[in-house]
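input20.txt (compact mmCIF, C-alpha atoms and all ligand atoms) appears below.
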```txt
# COMPACT_ATOMS: atom_id res chain seq x y z
CA MET A 101 3.67 107.53 -102.79
CA GLU A 102 -0.10 107.60 -102.44
CA LYS A 103 -2.15 104.87 -100.74
CA LEU A 104 -5.52 103.73 -102.06
CA ASP A 105 -7.85 100.90 -101.19
CA VAL A 106 -8.62 99.97 -104.79
CA ILE A 107 -7.01 100.64 -108.14
CA VAL A 108 -9.04 99.65 -111.17
CA LEU A 109 -7.05 99.41 -114.40
CA GLY A 110 -9.34 100.22 -117.32
CA ALA A 111 -12.25 102.66 -117.43
CA GLY A 112 -14.47 100.58 -119.69
CA ALA A 113 -17.82 99.06 -118.79
CA ALA A 114 -16.45 96.56 -116.26
CA GLY A 115 -13.90 98.89 -114.66
CA LEU A 116 -16.27 101.84 -114.21
CA PHE A 117 -18.97 99.62 -112.78
CA CYS A 118 -16.57 97.97 -110.35
CA GLY A 119 -15.19 101.37 -109.33
CA ILE A 120 -18.71 102.72 -108.61
CA GLU A 121 -19.63 99.74 -106.46
CA ALA A 122 -16.39 99.82 -104.47
CA ALA A 123 -16.55 103.60 -103.97
CA ARG A 124 -20.16 103.31 -102.76
CA ARG A 125 -18.88 100.95 -100.08
CA GLY A 126 -16.61 103.73 -98.87
CA ARG A 127 -13.42 102.40 -100.46
CA ARG A 128 -10.84 104.89 -101.72
CA VAL A 129 -10.95 104.09 -105.44
CA ARG A 130 -9.01 105.24 -108.46
CA VAL A 131 -9.89 104.09 -111.96
CA ILE A 132 -6.95 104.50 -114.36
CA ASP A 133 -7.08 104.36 -118.16
CA HIS A 134 -4.48 105.17 -120.81
CA ALA A 135 -7.20 106.39 -123.18
CA LYS A 136 -8.20 110.05 -123.21
CA ALA A 137 -11.90 109.26 -122.66
CA PRO A 138 -13.65 106.61 -120.55
CA GLY A 139 -15.98 103.96 -121.95
CA GLU A 140 -15.00 104.38 -125.57
CA LYS A 141 -16.43 101.00 -126.55
CA ILE A 142 -19.71 101.83 -124.84
CA ARG A 143 -19.82 105.00 -126.90
CA ILE A 144 -19.44 103.22 -130.26
CA SER A 145 -21.37 100.08 -129.34
CA GLY A 146 -24.66 99.08 -130.90
CA GLY A 147 -24.18 101.54 -133.75
CA GLY A 148 -23.95 104.37 -131.19
CA ARG A 149 -27.04 103.21 -129.29
CA CYS A 150 -25.35 100.66 -126.96
CA ASN A 151 -27.02 97.27 -126.80
CA PHE A 152 -26.52 97.33 -123.04
CA THR A 153 -28.03 93.97 -122.09
CA ASN A 154 -30.37 91.20 -123.23
CA LEU A 155 -33.63 89.97 -121.72
CA GLU A 156 -32.47 86.35 -122.13
CA ILE A 157 -29.28 86.07 -120.13
CA VAL A 158 -28.77 82.29 -120.07
CA PRO A 159 -25.50 80.38 -119.58
CA ASP A 160 -25.34 78.70 -122.98
CA ARG A 161 -25.01 82.11 -124.63
CA PHE A 162 -21.56 82.58 -123.11
CA LEU A 163 -18.42 80.86 -124.41
CA SER A 164 -15.80 79.86 -121.89
CA ARG A 165 -13.72 76.81 -121.09
CA ASN A 166 -15.95 76.63 -118.02
CA PRO A 167 -19.36 77.93 -119.14
CA ARG A 168 -20.71 77.67 -115.56
CA PHE A 169 -18.16 80.16 -114.22
CA ALA A 170 -20.11 83.23 -115.31
CA LEU A 171 -23.33 82.05 -113.66
CA SER A 172 -22.67 83.33 -110.17
CA ALA A 173 -22.04 86.95 -111.17
CA LEU A 174 -24.78 86.91 -113.83
CA LYS A 175 -27.30 85.66 -111.27
CA ARG A 176 -26.32 88.10 -108.55
CA PHE A 177 -26.32 91.19 -110.76
CA THR A 178 -28.84 90.46 -113.48
CA GLN A 179 -30.08 92.17 -116.62
CA TRP A 180 -33.04 93.41 -114.53
CA ASP A 181 -30.62 95.05 -112.11
CA PHE A 182 -28.92 96.87 -114.94
CA ILE A 183 -32.26 97.85 -116.46
CA ALA A 184 -33.15 99.36 -113.05
CA ARG A 185 -29.93 101.43 -113.23
CA MET A 186 -30.88 102.66 -116.69
CA ASP A 187 -34.31 103.64 -115.42
CA GLY A 188 -32.73 105.31 -112.38
CA TRP A 189 -30.49 107.34 -114.71
CA GLY A 190 -33.53 108.32 -116.74
CA ILE A 191 -32.08 106.77 -119.91
CA SER A 192 -34.90 105.49 -122.10
CA TRP A 193 -34.47 102.25 -124.03
CA HIS A 194 -36.27 99.78 -126.26
CA GLU A 195 -36.10 96.13 -127.27
CA LYS A 196 -34.90 95.87 -130.85
CA THR A 197 -34.98 92.16 -131.60
CA LEU A 198 -34.18 88.85 -129.88
CA GLY A 199 -34.32 90.43 -126.42
CA GLN A 200 -31.63 92.98 -127.30
CA LEU A 201 -32.05 96.24 -125.36
CA PHE A 202 -30.74 99.46 -126.87
CA CYS A 203 -30.71 103.09 -125.70
CA ASP A 204 -33.28 105.28 -127.45
CA GLY A 205 -30.69 108.06 -127.58
CA PRO A 206 -26.90 108.15 -127.86
CA ALA A 207 -24.77 105.63 -125.99
CA THR A 208 -22.76 108.49 -124.51
CA GLN A 209 -25.59 108.86 -121.98
CA VAL A 210 -24.49 105.57 -120.43
CA VAL A 211 -20.83 106.69 -120.24
CA GLU A 212 -21.90 110.00 -118.68
CA ALA A 213 -24.10 108.23 -116.11
CA LEU A 214 -21.30 105.83 -115.14
CA THR A 215 -18.68 108.56 -114.75
CA ARG A 216 -21.18 110.69 -112.80
CA ASP A 217 -21.96 107.79 -110.44
CA LEU A 218 -18.26 107.14 -109.93
CA ALA A 219 -17.56 110.77 -109.06
CA GLN A 220 -20.63 111.03 -106.79
CA ALA A 221 -19.51 107.93 -104.91
CA GLY A 222 -16.09 109.55 -104.38
CA GLY A 223 -14.17 107.45 -106.92
CA GLU A 224 -11.52 109.19 -108.99
CA LEU A 225 -10.79 108.78 -112.67
CA TRP A 226 -7.33 109.22 -114.16
CA LEU A 227 -7.40 109.34 -117.93
CA GLY A 228 -4.53 109.48 -120.43
CA CYS A 229 -2.43 107.70 -117.83
CA GLU A 230 -0.07 104.92 -118.93
CA VAL A 231 0.40 102.24 -116.31
CA GLY A 232 4.03 101.17 -115.84
CA VAL A 233 5.44 98.47 -113.60
CA VAL A 234 2.96 96.67 -111.35
CA GLU A 235 4.36 94.72 -108.42
CA ARG A 236 3.06 92.84 -105.45
CA LEU A 237 4.18 94.27 -102.12
CA PRO A 238 5.83 91.86 -99.68
CA ALA A 239 3.34 92.79 -96.95
CA GLY A 240 0.34 92.41 -99.29
CA GLY A 241 -1.23 94.81 -101.76
CA PHE A 242 0.28 96.24 -104.93
CA ARG A 243 2.60 98.96 -106.14
CA VAL A 244 1.59 100.60 -109.43
CA GLU A 245 3.89 102.97 -111.31
CA THR A 246 2.29 105.75 -113.33
CA PRO A 247 3.69 108.96 -114.84
CA ARG A 248 1.71 110.82 -112.15
CA GLY A 249 3.42 109.01 -109.31
CA VAL A 250 3.70 105.68 -107.57
CA LEU A 251 0.48 104.30 -106.07
CA HIS A 252 -0.06 101.59 -103.49
CA CYS A 253 -3.35 99.72 -103.15
CA ALA A 254 -4.78 96.81 -101.22
CA ALA A 255 -6.84 95.54 -104.17
CA LEU A 256 -5.96 95.71 -107.84
CA VAL A 257 -8.76 95.13 -110.35
CA VAL A 258 -7.70 94.41 -113.93
CA ALA A 259 -10.45 95.57 -116.29
CA THR A 260 -8.37 96.34 -119.35
CA GLY A 261 -10.57 94.41 -121.80
CA GLY A 262 -9.43 92.31 -124.73
CA LYS A 263 -7.41 92.87 -127.90
CA SER A 264 -10.25 93.94 -130.18
CA ILE A 265 -10.03 97.31 -131.92
CA PRO A 266 -6.49 98.38 -130.90
CA LYS A 267 -7.11 101.91 -132.14
CA MET A 268 -9.71 102.28 -129.35
CA GLY A 269 -7.22 101.51 -126.58
CA ALA A 270 -7.20 97.70 -126.57
CA SER A 271 -3.75 96.59 -125.48
CA GLY A 272 -3.55 93.02 -124.24
CA PHE A 273 -2.10 94.53 -121.04
CA GLY A 274 -4.41 92.49 -118.79
CA TYR A 275 -3.16 89.22 -120.25
CA ARG A 276 0.45 90.25 -119.62
CA LEU A 277 -0.41 91.12 -116.01
CA ALA A 278 -2.12 87.75 -115.58
CA GLU A 279 1.01 85.99 -116.86
CA GLN A 280 3.23 88.12 -114.63
CA PHE A 281 1.27 86.92 -111.60
CA GLY A 282 1.28 83.31 -112.77
CA LEU A 283 -2.36 83.02 -113.88
CA PRO A 284 -2.98 80.67 -116.82
CA LEU A 285 -4.49 82.03 -120.03
CA VAL A 286 -6.88 80.40 -122.46
CA GLU A 287 -5.66 81.11 -125.98
CA THR A 288 -7.14 84.35 -127.30
CA ARG A 289 -8.68 84.89 -130.74
CA PRO A 290 -11.01 87.36 -132.38
CA GLY A 291 -14.75 86.75 -131.86
CA LEU A 292 -17.90 88.29 -133.32
CA VAL A 293 -15.89 89.08 -136.43
CA PRO A 294 -16.57 89.06 -140.20
CA LEU A 295 -15.22 86.01 -142.04
CA THR A 296 -12.96 86.25 -145.08
CA PHE A 297 -12.79 84.06 -148.18
CA ALA A 298 -10.21 83.00 -150.77
CA GLU A 299 -9.82 84.90 -154.05
CA GLN A 300 -11.78 82.33 -156.09
CA GLU A 301 -14.80 82.84 -153.79
CA LEU A 302 -14.39 86.60 -153.77
CA VAL A 303 -14.80 86.59 -157.55
CA TRP A 304 -18.54 86.00 -157.08
CA MET A 305 -18.87 87.43 -153.55
CA LYS A 306 -17.45 90.90 -154.26
CA PRO A 307 -20.15 91.84 -156.80
CA LEU A 308 -22.74 90.94 -154.12
CA SER A 309 -21.12 93.32 -151.62
CA GLY A 310 -23.79 95.16 -149.65
CA LEU A 311 -26.43 92.48 -150.22
CA SER A 312 -28.04 91.03 -147.11
CA VAL A 313 -30.03 87.83 -146.92
CA GLU A 314 -31.76 85.92 -144.12
CA GLY A 315 -30.32 82.49 -143.41
CA ARG A 316 -29.61 79.90 -140.78
CA VAL A 317 -25.83 79.65 -140.45
CA ARG A 318 -24.47 76.43 -138.98
CA HIS A 319 -21.20 75.21 -137.58
CA GLY A 320 -21.45 71.75 -136.10
CA ARG A 321 -24.46 71.78 -133.82
CA THR A 322 -24.43 75.55 -133.35
CA GLU A 323 -26.68 77.63 -135.56
CA PHE A 324 -27.93 81.18 -135.81
CA ALA A 325 -30.90 82.30 -137.86
CA GLU A 326 -30.24 85.96 -138.59
CA GLY A 327 -28.98 88.15 -141.40
CA LEU A 328 -25.87 87.55 -143.52
CA LEU A 329 -24.18 90.42 -145.30
CA PHE A 330 -21.84 90.12 -148.32
CA THR A 331 -18.75 92.31 -148.09
CA HIS A 332 -15.68 92.95 -150.27
CA ARG A 333 -13.75 90.48 -148.10
CA GLY A 334 -16.41 87.83 -147.58
CA LEU A 335 -19.31 87.65 -145.17
CA SER A 336 -20.53 89.66 -142.20
CA GLY A 337 -23.93 90.34 -140.62
CA PRO A 338 -25.26 89.08 -137.27
CA ALA A 339 -25.47 85.37 -138.17
CA ILE A 340 -21.86 85.35 -139.42
CA LEU A 341 -20.53 87.35 -136.43
CA GLN A 342 -22.25 84.88 -134.11
CA ILE A 343 -20.92 81.77 -135.85
CA SER A 344 -17.41 83.28 -136.07
CA SER A 345 -17.01 82.75 -132.32
CA TYR A 346 -17.42 78.99 -132.89
CA TRP A 347 -15.65 78.63 -136.24
CA ARG A 348 -11.99 77.58 -136.52
CA GLU A 349 -9.53 77.86 -139.43
CA GLY A 350 -9.88 74.97 -141.88
CA GLU A 351 -13.53 74.36 -141.06
CA ALA A 352 -16.61 74.92 -143.22
CA ILE A 353 -19.89 76.60 -142.33
CA SER A 354 -23.21 75.87 -143.96
CA VAL A 355 -26.10 78.17 -144.67
CA ASP A 356 -29.75 77.17 -144.83
CA LEU A 357 -31.50 79.71 -147.01
CA SER A 358 -34.89 78.02 -146.74
CA MET A 359 -35.76 79.66 -143.40
CA GLY A 360 -38.34 76.96 -142.74
CA ARG A 361 -39.87 77.05 -146.22
CA ASP A 362 -40.34 73.79 -148.15
CA MET A 363 -38.06 74.76 -151.03
CA ALA A 364 -38.69 71.58 -153.06
CA ALA A 365 -42.46 72.15 -152.93
CA LEU A 366 -42.04 75.80 -153.92
CA LEU A 367 -39.83 74.77 -156.86
CA ARG A 368 -42.36 72.10 -157.94
CA ASP A 369 -45.10 74.76 -157.87
CA ALA A 370 -42.92 77.08 -159.95
CA ARG A 371 -42.27 74.24 -162.45
CA ALA A 372 -46.01 73.51 -162.72
CA GLN A 373 -46.74 77.16 -163.44
CA GLY A 374 -43.85 77.75 -165.87
CA PRO A 375 -41.95 74.73 -167.16
CA LYS A 376 -39.93 76.97 -169.49
CA LEU A 377 -38.82 79.18 -166.60
CA ALA A 378 -35.04 79.22 -165.99
CA LEU A 379 -33.98 77.78 -162.66
CA ARG A 380 -32.39 81.15 -161.86
CA THR A 381 -35.75 82.90 -162.27
CA ALA A 382 -37.43 80.41 -159.94
CA LEU A 383 -34.62 80.82 -157.41
CA ALA A 384 -35.02 84.59 -157.59
CA GLY A 385 -38.47 84.09 -156.10
CA LEU A 386 -36.87 82.44 -153.07
CA VAL A 387 -33.67 84.45 -152.48
CA PRO A 388 -32.46 87.88 -153.70
CA GLU A 389 -32.01 87.85 -157.46
CA ARG A 390 -28.28 88.69 -157.43
CA LEU A 391 -27.66 85.70 -155.19
CA ALA A 392 -29.94 83.48 -157.28
CA ARG A 393 -27.64 84.02 -160.26
CA HIS A 394 -24.71 82.63 -158.32
CA LEU A 395 -26.67 79.84 -156.66
CA GLU A 396 -27.80 78.55 -160.04
CA THR A 397 -24.17 77.72 -160.76
CA VAL A 398 -23.64 75.78 -157.52
CA VAL A 399 -26.94 73.99 -156.94
CA ALA A 400 -26.73 71.90 -160.16
CA PRO A 401 -28.53 70.58 -162.16
CA ALA A 402 -29.41 73.68 -164.12
CA GLY A 403 -31.75 74.23 -167.07
CA PRO A 404 -35.41 75.12 -167.56
CA LEU A 405 -37.57 73.91 -164.69
CA GLY A 406 -39.53 71.60 -166.99
CA THR A 407 -36.38 69.54 -167.68
CA LEU A 408 -35.82 68.91 -163.97
CA SER A 409 -37.25 65.83 -162.27
CA ASN A 410 -38.60 65.88 -158.72
CA ALA A 411 -35.31 64.37 -157.63
CA GLY A 412 -33.46 67.16 -159.47
CA LEU A 413 -35.57 69.80 -157.71
CA GLU A 414 -34.96 68.04 -154.41
CA GLN A 415 -31.24 68.31 -155.12
CA VAL A 416 -31.59 72.04 -155.77
CA ALA A 417 -33.62 72.45 -152.55
CA ASP A 418 -30.97 70.54 -150.65
CA GLY A 419 -28.33 72.88 -152.07
CA LEU A 420 -30.31 75.82 -150.69
CA ARG A 421 -30.66 74.18 -147.29
CA ASN A 422 -27.02 73.12 -147.05
CA TRP A 423 -25.06 75.74 -148.87
CA ARG A 424 -21.50 74.93 -147.82
CA LEU A 425 -18.99 77.76 -147.52
CA MET A 426 -15.33 77.61 -146.62
CA PRO A 427 -14.01 80.77 -144.94
CA VAL A 428 -10.22 81.13 -144.95
CA GLY A 429 -9.93 83.53 -142.03
CA SER A 430 -11.47 86.43 -140.17
CA GLU A 431 -10.96 90.18 -140.31
CA GLY A 432 -9.09 89.83 -137.01
CA TYR A 433 -8.88 92.13 -134.01
CA ARG A 434 -9.13 95.20 -136.27
CA THR A 435 -12.89 94.73 -136.49
CA ALA A 436 -13.70 91.94 -133.98
CA GLU A 437 -16.25 93.00 -131.37
CA VAL A 438 -14.71 90.79 -128.72
CA THR A 439 -11.74 88.64 -127.78
CA LEU A 440 -12.42 85.00 -127.05
CA GLY A 441 -10.30 83.30 -124.40
CA GLY A 442 -8.38 85.23 -121.77
CA VAL A 443 -7.67 84.71 -118.10
CA ASP A 444 -8.52 81.09 -117.31
CA THR A 445 -11.55 81.01 -115.05
CA ASP A 446 -10.05 78.06 -113.15
CA ALA A 447 -7.67 80.57 -111.60
CA LEU A 448 -10.47 82.90 -110.42
CA ASP A 449 -13.12 82.75 -107.71
CA ALA A 450 -16.49 82.88 -109.51
CA ARG A 451 -18.16 84.86 -106.71
CA THR A 452 -15.56 87.59 -106.32
CA MET A 453 -13.39 87.45 -109.49
CA GLN A 454 -10.34 87.32 -107.23
CA ALA A 455 -7.30 85.31 -108.35
CA LYS A 456 -7.32 82.16 -106.23
CA ASP A 457 -3.56 82.26 -105.69
CA VAL A 458 -2.94 86.03 -105.56
CA ALA A 459 -4.84 87.75 -102.77
CA GLY A 460 -6.09 91.19 -103.72
CA LEU A 461 -5.80 90.69 -107.50
CA TYR A 462 -9.08 90.69 -109.49
CA PHE A 463 -9.96 90.30 -113.17
CA VAL A 464 -13.32 91.50 -114.55
CA GLY A 465 -14.95 91.94 -117.95
CA GLU A 466 -13.64 90.87 -121.31
CA VAL A 467 -10.10 90.10 -120.10
CA VAL A 468 -11.58 86.96 -118.47
CA ASP A 469 -12.27 83.83 -120.55
CA VAL A 470 -16.00 84.58 -120.76
CA THR A 471 -17.41 85.80 -124.08
CA GLY A 472 -21.05 86.38 -124.83
CA TRP A 473 -23.06 86.12 -128.01
CA LEU A 474 -23.81 89.21 -130.01
CA GLY A 475 -26.79 91.04 -128.51
CA GLY A 476 -25.89 92.73 -125.21
CA TYR A 477 -24.44 89.65 -123.53
CA ASN A 478 -20.91 91.06 -123.36
CA PHE A 479 -21.94 94.24 -121.62
CA GLN A 480 -24.02 92.25 -119.15
CA TRP A 481 -20.92 90.18 -118.36
CA ALA A 482 -18.95 93.43 -117.87
CA TRP A 483 -21.62 94.87 -115.51
CA SER A 484 -22.10 91.60 -113.57
CA SER A 485 -18.41 90.74 -113.14
CA GLY A 486 -17.52 94.36 -112.31
CA TRP A 487 -20.34 94.44 -109.77
CA ALA A 488 -19.22 91.14 -108.19
CA ALA A 489 -15.67 92.38 -107.60
CA GLY A 490 -17.00 95.78 -106.50
CA GLN A 491 -18.79 94.16 -103.53
CA VAL A 492 -15.61 92.75 -102.02
CA VAL A 493 -12.54 94.80 -103.01
P1 LIG A 501 -13.35 97.59 -122.49
O1 LIG A 501 -12.56 97.24 -123.69
O2 LIG A 501 -14.66 98.22 -122.65
O3 LIG A 501 -12.50 98.56 -121.54
C1 LIG A 501 -11.15 98.35 -121.29
C2 LIG A 501 -10.51 99.66 -120.95
O4 LIG A 501 -9.17 99.41 -120.55
C3 LIG A 501 -10.45 100.62 -122.14
O5 LIG A 501 -10.99 101.87 -121.75
C4 LIG A 501 -8.97 100.70 -122.45
O6 LIG A 501 -8.56 101.98 -122.92
C5 LIG A 501 -8.34 100.39 -121.11
N1 LIG A 501 -6.98 99.88 -121.20
C6 LIG A 501 -6.52 98.92 -122.04
N2 LIG A 501 -5.20 98.74 -121.83
C7 LIG A 501 -4.84 99.59 -120.84
C8 LIG A 501 -3.61 99.88 -120.20
N3 LIG A 501 -2.48 99.27 -120.55
N4 LIG A 501 -3.59 100.83 -119.24
C9 LIG A 501 -4.74 101.49 -118.90
N5 LIG A 501 -5.92 101.26 -119.48
C10 LIG A 501 -5.98 100.32 -120.43
N6 LIG A 501 -21.18 94.40 -126.41
C11 LIG A 501 -22.50 94.41 -126.09
O7 LIG A 501 -22.88 93.74 -125.13
N7 LIG A 501 -23.38 95.18 -126.80
C12 LIG A 501 -22.98 95.94 -127.86
O8 LIG A 501 -23.78 96.68 -128.46
C13 LIG A 501 -21.61 95.88 -128.26
N8 LIG A 501 -21.19 96.55 -129.34
C14 LIG A 501 -19.84 96.55 -129.65
C15 LIG A 501 -19.40 97.28 -130.77
C16 LIG A 501 -18.05 97.31 -131.09
C17 LIG A 501 -17.60 98.03 -132.32
C18 LIG A 501 -17.13 96.61 -130.26
C19 LIG A 501 -15.66 96.67 -130.54
C20 LIG A 501 -17.57 95.91 -129.16
C21 LIG A 501 -18.93 95.86 -128.85
N9 LIG A 501 -19.40 95.12 -127.77
C22 LIG A 501 -20.73 95.13 -127.46
C23 LIG A 501 -18.47 94.40 -126.86
C24 LIG A 501 -18.23 95.28 -125.63
O9 LIG A 501 -17.85 96.56 -126.05
C25 LIG A 501 -17.14 94.67 -124.73
O10 LIG A 501 -17.43 93.34 -124.45
C26 LIG A 501 -17.05 95.48 -123.44
O11 LIG A 501 -16.71 96.81 -123.74
C27 LIG A 501 -16.00 94.88 -122.51
O12 LIG A 501 -15.90 95.73 -121.39
P2 LIG A 501 -14.55 95.81 -120.57
O13 LIG A 501 -14.75 96.90 -119.58
O14 LIG A 501 -14.15 94.48 -120.10
O15 LIG A 501 -13.45 96.24 -121.63
```

Re-express the file's structure as structure tokens.
Amino acid sequence: MEKLDVIVLGAGAAGLFCGIEAARRGRRVRVIDHAKAPGEKIRISGGGRCNFTNLEIVPDRFLSRNPRFALSALKRFTQWDFIARMDGWGISWHEKTLGQLFCDGPATQVVEALTRDLAQAGGELWLGCEVGVVERLPAGGFRVETPRGVLHCAALVVATGGKSIPKMGASGFGYRLAEQFGLPLVETRPGLVPLTFAEQELVWMKPLSGLSVEGRVRHGRTEFAEGLLFTHRGLSGPAILQISSYWREGEAISVDLSMGRDMAALLRDARAQGPKLALRTALAGLVPERLARHLETVVAPAGPLGTLSNAGLEQVADGLRNWRLMPVGSEGYRTAEVTLGGVDTDALDARTMQAKDVAGLYFVGEVVDVTGWLGGYNFQWAWSSGWAAGQVV
């Protein structure tokens, strides 16, 4: 039986970062992962360029039953702190759009830098190691069974992530550990995920597969003005991924295709210039032509522009501003970028990430009920929460 100060379960963004911080404080740290390689999600993130943080880290871009919970960690280890690490590692980066920061080169640079920092600080990494029974020791601390032997530790950090992309090592293990130790869970569901539609919708959507269009996608009072992408199963693209974290089964979303343009005025101009023009042709000047063909059938009345009154054109414009769509589901954890819900933040100390009722037990990263928007927010939460626990374990 080997004794350690800290065991971190999960060598993803949050676990590696926590391990580095704890090891730098002189703690004897072991980071354990069942996957063969560390930081697999970092490697594939951001299309292989890792959108590692965002310039605009503000609380309302994080979903949680208690949106204020994340504030403490996010304020103490900020996006600027992580940017300083990137600069220290010599990894160049750029802002792509909406404050999103990406590596100039491959995301593997970030994984390499994290594993190098962990090793240099004296932390050890066990990969390909399944974790068995985890128990609390009567005198305090934890006993962790692994195929490589039984380990004891004073602090156990659970950084096993969510359920998204099971083939990349996601296991739901952290939620089971939380339940084992009596911590409440907020119901989990896939987030940042493409939405699917019923067969009758797919009849017109499938032929548009691959087409992207700019729109403002709304659900209730939440809206995102970014790209939408038609797929064989329904809709994807940044605006849809964003809204998917707010959408629930049985609810509609609406899309505003006007993007700030006065559609009625543009249609009136088109009518003045060509009264014999088909509505579809006029619409094709406002949205991609393939989509215009479908929209003509839903934004009635149809017919040559000259036959449409101002009120009729207003109705068409309204259809373009409030195009109502009814998803039937999502693509699920197979493609979801994140898992919403998780360990209830009420059960955790916001400063340290320690379970309020289980001394020495910590939860960091995606396993916690804190989920960011698309755009680097989730990695920043992983860095900040991992850092916060790393200061105290
Ligand atoms: P993460 O999932 O990274 O790590 C958990 C680790 O625990 C894994 O290594 C896993 O193998 C291990 N583990 C699980 N069960 C275990 C068990 N039973 N025993 C031992 N180990 C176990 N975010 C962002 O901000 N910018 C971006 O560009 C992207 N891009 C992106 C693309 C794709 C395709 C996905 C799926 C996700 C993203 N994300 C993202 C989200 C981001 O990847 C995610 O929020 C973080 O990786 C979460 O970090 P964690 O360390 O909490 O979990």

Pick from A:Arg393, A:Arg185, A:Arg316, A:Lys141 nearest to Lys267 of chain A, counting only C-alpha atoms =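 Of all the options, A:Lys141 lies closest to Lys267 of chain A.
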
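For Asp204 of chain A, the non-local neighbours within 10 Å, defined as residues at least 4 positions apart in the same chain or in other chains and counting all atoms listed in the file, are Arg149, Cys150, Ile191, Ser192, Trp193, His194 and Glu195 of chain A.
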
Residue contacts of Ala382 of chain A (12 Å, all atoms listed in the file) excluding same-chain residues fewer than 3 positions away, as an MDAnalysis selection string | chainID A and resid 363:379 385:389 392:393 395:396 402:406 413 416:417

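Reported to one decimal place, the separation of atom CA of Phe242 of chain A from atom CA of Arg127 of chain A is 15.7 Å.
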
Write out as a ChimeraX atom specification each polymer residue whose atoms come within 12 Å of Cys229 of chain A, counting all atoms listed in the file; drop sequence neighbours fewer than 5 positions from it.
-> /A:109-111,130-138,244-249,269

Kindly extract all protein, DNA and RNA residues lying within 8 Å of the coordinates (-13.0, 88.5, -109.8) given in the file, considering only C-alpha atoms, and supply them as a list of chain:residue names.
-> A:Val257, A:Leu448, A:Asp449, A:Ala450, A:Arg451, A:Thr452, A:Met453, A:Gln454, A:Ala455, A:Leu461, A:Tyr462, A:Phe463, A:Val464, A:Ser485, A:Gly486, A:Ala488, A:Ala489

Selection near Phe117 of chain A, 7 Å with only C-alpha atoms, sequence-local residues under 2 positions removed, as a ChimeraX atom specification | /A:113-115,119-121,483,486-487

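Between ligand LIG 501 (chain A) and the residues A:Phe182, A:Phe202, A:Trp189, A:Phe330, the shortest atom-to-atom distance, using all atoms listed in the file, involves A:Phe202.
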
Edge lengths and centre, in Å to one decimal, as AutoDock Vina command-line options: that's what I need for the box along x, y and z that holds all listed atoms of ligand LIG 501 (chain A) plus 3 Å on each side.
```
--center_x -13.1 --center_y 97.7 --center_z -125.6 --size_x 27.3 --size_y 14.6 --size_z 19.4
```

Do a neighbour search on segment 275-285 of chain A at 6 Å with only C-alpha atoms, toss out local chain neighbours closer than 6 positions, and write the hits as a PyMOL selection string.
-> chain A and resi 442-444

Nearest to Leu425 of chain A among A:Ala339, A:Ala459, A:Leu295, A:Val493, with distances taken over all atoms listed in the file: which residue is it?
-> A:Leu295

Grab the atom CA of Arg321 of chain A to atom CA of Val438 of chain A distance for me, in Å with one decimal place.
->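 Going from atom CA of Arg321 of chain A over to atom CA of Val438 of chain A covers 22.0 Å.
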
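Considering all atoms listed in the file, the residue among A:Gly465, A:Pro159, A:Gly205, A:Gly429 positioned nearest to ligand LIG 501 (chain A) is A:Gly465.
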
So how many Å separate atom CA of Gly475 of chain A and atom CA of Val158 of chain A, to one decimal?
->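 So the answer is 12.3 Å.
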